Structures are given as C-alpha cells and as structure tokens.
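Reading through the structure tokens given below for one structure.
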Amino acid sequence: MQTIFKRPEALAVQPTHYCPGCTHGIAHRLIAEAIDELGLRERTVGIAPVGCSVLAFNYFNFDFQQASHGRAPAVATGIKRGRPDLVVFTYQGDGDLASIGMAEIIHAANRGEKFTVVFINNAIYGMTGGQMAPTTMPGQVTSTSPFGRKTDDVGFPIRMCELLSSLRTPAFIERVSLSSPKHIIRARKAILKAFRYQSEGRGFSFVECLSTCPTNWGVTPLKALEWLEEHMMPYYPVQNFKDFEPATPEGGKDAD
C-alpha cells in the first residue's frame, strides 16, 4: 500500500503542550513540511523566544536556540551572520514580536537580514494569562481589557505585514490564515516560499499566520475558527505584501 500522508522527518514524535484547538500545531507541521521538501533539515536552526512557543525545540527534529523575550531576531542575526550556510528562522507570537520585540524585528527587516520569520498572530497573550496584545482587536475582551479594547485609549491593533512592507529591504512578506483547509494550503505555499528564498540568499522573509486561541478567547475551537474569519481577517487581510521574484531573461518571473 502506498503511503500518501505521514509525519514529516523534521517534526519530532512528541505530544505538544498546546491547548485543544490551538493552531500552533498546524504551523509546526507546515514548517516541517517545507524544510523536508527543500532538503534543509540538516542545516536548519530555529529560534524560540518566550511565549506559547517556548517549548518549540521539543517538537522539531533539528537544532533550536532559546532567546529572551522579543530578542529572537537578534539571536537569528548573530547565527546567520556567523554561519551563513545555515537556514535560520524565528518562531514568534504577537506579544513577543509586536510588543517587546518590535524594535528587534523592524531593524532586522530594515537591514535585510537573511533569515525567515514565522509570526503567529492570535490577537492575545496566550501563555501568560490572556492579556491584551498589540494585535488585539477593537472591542475584544481580554484579562486586561475586561470591557474590550478601547482604541481611543490604547490605539488600534498593529498590522505587522503592512508596517514591515513599507521598508525597502525585505524580500518576501505575506499574511496567511490557519482557519480552514483552503487557507492552510495557501499558508503552506507561503512558508515554503519564505524558506526557499532564504536558501537562495534573497533576503529577509516574513510570514504572518492568523491563528486561534480558544482558551483565552473563551470559546470552543470551532467558534474560534469562525471568530478569526469574522473579526480578524477583515482587519488583517490575507494577501501577499512583498515578493522579490527576480525577472528571468525572457522578462517573466521565476516559477514557484
């Protein structure tokens, strides 16, 4: 019998600590599939900072480095510059990347550091108790905004793809969703391209994944998927923002 679906070699045989309905597991598999497909596992290094992904090193079958909260881009910069032959990526949540790590990610992108970022946006601080994050939606109830996020007081949610795409140096920026099979297929293609661009030395690549947090949103896993599509996707459009695809001699573009 032919095997058509199996665990990627880059994904460890290890139960995860994530809550039921959390889409971190989907993102992990997409990363592992991309690394396997491109044959990069033996030279890949992941960077996991503080947050729900703090134990990500247990779930992948390649090297990982721990980083302080928000500092994953700085650690990735050092590793990639010291060992440019390696494939380096950071795996960061919205509280980590868009809050305490905001300066780190902006300057790494502006310098055009040649590593990949997988950014998990679930609009809340997941690990530390469900506090309001920089990406929390207007009116969204969290443990620190019990009456909903008030934009006249704390401003609007930060759109990281739009912010980073205003810089000249990034090679690839795309926002995807993990809310349905259709969107997951697109997410897989974006993550694969981000790693391929790094392996080809094209520059900084960034994939934002709209994700769920049923536990801290206080809803069922199914309702969380519906909430993401109803509330997050209109504000965070799923699209490509930047794609440095050099022209071929015939004037077209390289194939995916």
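A note on labels: chains of the structure tokens are A, B, ... as shown, every chain counts residues from 1, and ligands are counted from 1 in their shown order.
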Legend entry - Contacts of Thr77 of chain A at 9 Å (only C-alpha atoms; same-chain gap of 6+ positions) as a list in words: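 These residues fall inside the cut-off: Val88, Ala108, Glu113, Lys114 and Phe115 of chain A.
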Store the residues picked out above in a file with C-alpha atoms, as a PDB file, in the first residue's frame.
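Final output, saved to part_34.pdb:
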ATOM      1  CA  VAL A  88      17.728  30.174  10.339  1.00  0.00           C
ATOM      2  CA  ALA A 108      16.331  43.185  11.347  1.00  0.00           C
ATOM      3  CA  GLU A 113      18.911  40.045   7.463  1.00  0.00           C
ATOM      4  CA  LYS A 114      18.762  36.801   5.537  1.00  0.00           C
ATOM      5  CA  PHE A 115      16.609  34.733   7.867  1.00  0.00           C
TER       6      PHE A 115
END
Inset, instruction - With a distance cut-off of 8 Å and only C-alpha atoms, select the neighbouring residues of Ala133 of chain A, excluding the residue or stretch itself and same-chain residues fewer than 5 positions from it, and output the selection as a list of chain:residue names. - result: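 These residues fall inside the cut-off: A:Asp94, A:Gly95, A:Ser99, A:Ala123, A:Ile124, A:Tyr125.
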Selection to disk with N, CA and C atoms, as a compact mmCIF listing (two decimals), in the first residue's frame:
# COMPACT_ATOMS: atom_id res chain seq x y z
N ASP A 94 2.53 37.19 18.75
CA ASP A 94 2.28 38.62 18.62
C ASP A 94 2.73 39.41 19.84
N GLY A 95 2.57 38.85 21.04
CA GLY A 95 3.05 39.55 22.23
C GLY A 95 4.55 39.69 22.23
N SER A 99 5.39 43.50 20.41
CA SER A 99 5.43 44.32 21.63
C SER A 99 6.88 44.50 22.07
N ALA A 123 -3.95 37.47 18.39
CA ALA A 123 -4.61 38.66 18.93
C ALA A 123 -4.69 38.69 20.45
N ILE A 124 -3.79 37.96 21.12
CA ILE A 124 -3.84 37.94 22.58
C ILE A 124 -2.53 37.36 23.12
N TYR A 125 -2.22 37.65 24.38
CA TYR A 125 -1.10 36.99 25.04
C TYR A 125 -1.59 35.62 25.49
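Once Phe156 of chain A and its same-chain neighbours fewer than 3 positions away are set aside, Met137, Pro138 and Thr151 of chain A remain within 8 Å of it when counting only C-alpha atoms.
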Against segment 185-196 of chain A, which residues of segment 73-103 of chain A fall within 12 Å? For each one I want the closest pair of atoms and the distance in Å (one decimal), counting only C-alpha atoms, rows by chain and increasing residue number, as JSON lines.
{"residue": "A:Leu86", "atom": "CA", "partner": "A:Phe195", "partner_atom": "CA", "distance": 11.4}
{"residue": "A:Val87", "atom": "CA", "partner": "A:Phe195", "partner_atom": "CA", "distance": 7.9}
{"residue": "A:Val88", "atom": "CA", "partner": "A:Phe195", "partner_atom": "CA", "distance": 8.9}
{"residue": "A:Phe89", "atom": "CA", "partner": "A:Phe195", "partner_atom": "CA", "distance": 8.4}
{"residue": "A:Thr90", "atom": "CA", "partner": "A:Phe195", "partner_atom": "CA", "distance": 11.5}
{"residue": "A:Tyr91", "atom": "CA", "partner": "A:Ile191", "partner_atom": "CA", "distance": 11.8}
Inset, instruction - Provide the atom CA of Ala48 of chain A to atom CA of Ile105 of chain A distance in Å, to one decimal place. - result: 14.0 Å
Inset, instruction - Select from segment 51-245 of chain A everything DSSP, run on the backbone, classes as strand (DSSP E), then give the selection as a PyMOL selection string. - result: chain A and resi 63-66+87-93+116-121+172-177+205-210+240-243
Residues of segment 104-157 of chain A within 10 Å of segment 27-45 of chain A: nearest atom pair and distance (Å, one decimal) for each, counting only C-alpha atoms, sorted by chain and number, as a tab-separated table?
residue	atom	partner	partner_atom	distance
A:Val118	CA	A:Ala27	CA	8.6
A:Phe119	CA	A:Ala27	CA	9.7
A:Ile120	CA	A:Ala27	CA	8.3
For those residues, write C-alpha atoms to a file as a CSV table (one decimal), in the first residue's frame.
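Generated file (again-v3.csv):
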chain,number,residue,atom,x,y,z
A,118,VAL,CA,7.1,32.8,11.2
A,119,PHE,CA,4.8,35.2,13.1
A,120,ILE,CA,1.8,33.7,14.9
Inset, instruction - Excluding Gln66 of chain A and any residue of its chain fewer than 5 positions from it, enumerate the residues within 8 Å of it, using only C-alpha atoms, and give them as a PyMOL selection string. - result: chain A and resi 47-49+54+72
Selection export as a compact mmCIF listing (two decimals), in the first residue's frame, atoms kept: N, CA and C atoms:
# COMPACT_ATOMS: atom_id res chain seq x y z
N ILE A 47 14.71 29.50 16.19
CA ILE A 47 14.86 30.35 17.38
C ILE A 47 13.49 30.49 18.03
N ALA A 48 13.37 30.08 19.28
CA ALA A 48 12.11 30.19 20.02
C ALA A 48 12.30 31.12 21.21
N PRO A 49 11.54 32.20 21.30
CA PRO A 49 11.62 33.09 22.45
C PRO A 49 10.59 32.69 23.51
N VAL A 54 7.50 28.57 23.62
CA VAL A 54 8.75 28.48 24.39
C VAL A 54 9.34 27.07 24.38
N ALA A 72 14.46 37.22 19.60
CA ALA A 72 14.76 36.18 18.60
C ALA A 72 15.42 36.73 17.34
Would you give me, as a Markdown table, each residue of segment 88-127 of chain A having an atom within 10 Å of an atom of segment 11-26 of chain A, along with its shortest atom pair and that distance in Å to one decimal, using only C-alpha atoms and sorting by chain and residue number?
| residue | atom | partner | partner_atom | distance |
| --- | --- | --- | --- | --- |
| A:Gly93 | CA | A:His24 | CA | 9.9 |
| A:Ile120 | CA | A:His24 | CA | 7.8 |
| A:Asn122 | CA | A:Thr23 | CA | 9.2 |
| A:Gly126 | CA | A:Cys19 | CA | 10.0 |
| A:Met127 | CA | A:Tyr18 | CA | 9.7 |
Those selected residues, please, written with C-alpha atoms and delivered as a short mmCIF file (atom, residue, chain, number, x, y, z; two decimals), in the first residue's frame.
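Saved result, result23.cif, follows:
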data_model
loop_
_atom_site.label_atom_id
_atom_site.label_comp_id
_atom_site.auth_asym_id
_atom_site.auth_seq_id
_atom_site.Cartn_x
_atom_site.Cartn_y
_atom_site.Cartn_z
CA GLY A 93 3.94 35.22 18.76
CA ILE A 120 1.82 33.70 14.95
CA ASN A 122 -3.74 35.15 17.71
CA GLY A 126 -1.59 33.23 25.16
CA MET A 127 0.87 31.80 27.68
#
Legend entry - Nearest-residue call for Ser199 of chain A, choices A:Asn216, A:Ser53, A:Pro84, A:Gln65, using only C-alpha atoms: A:Pro84
Inset, instruction - Give the answer as one residue: which of A:Ser177, A:Thr212, A:Gln198, A:Ser145 has the shortest atom-to-atom distance to Pro234 of chain A, using only C-alpha atoms? - result: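 Looking only at the distances to Pro234 of chain A, the closest residue turns out to be A:Ser177.
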Legend entry - Selected residue, from A:Asp96, A:Glu200, A:Asp63, A:Glu208, that lies nearest to Val117 of chain A when counting only C-alpha atoms: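 For Val117 of chain A, the nearest of the candidates is A:Glu208.
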Legend entry - Spatial neighbours of Pro214 of chain A, 7 Å, only C-alpha atoms, chain gap at least 3 places, as an MDAnalysis selection string: chainID A and resid 21:22 217:221 224
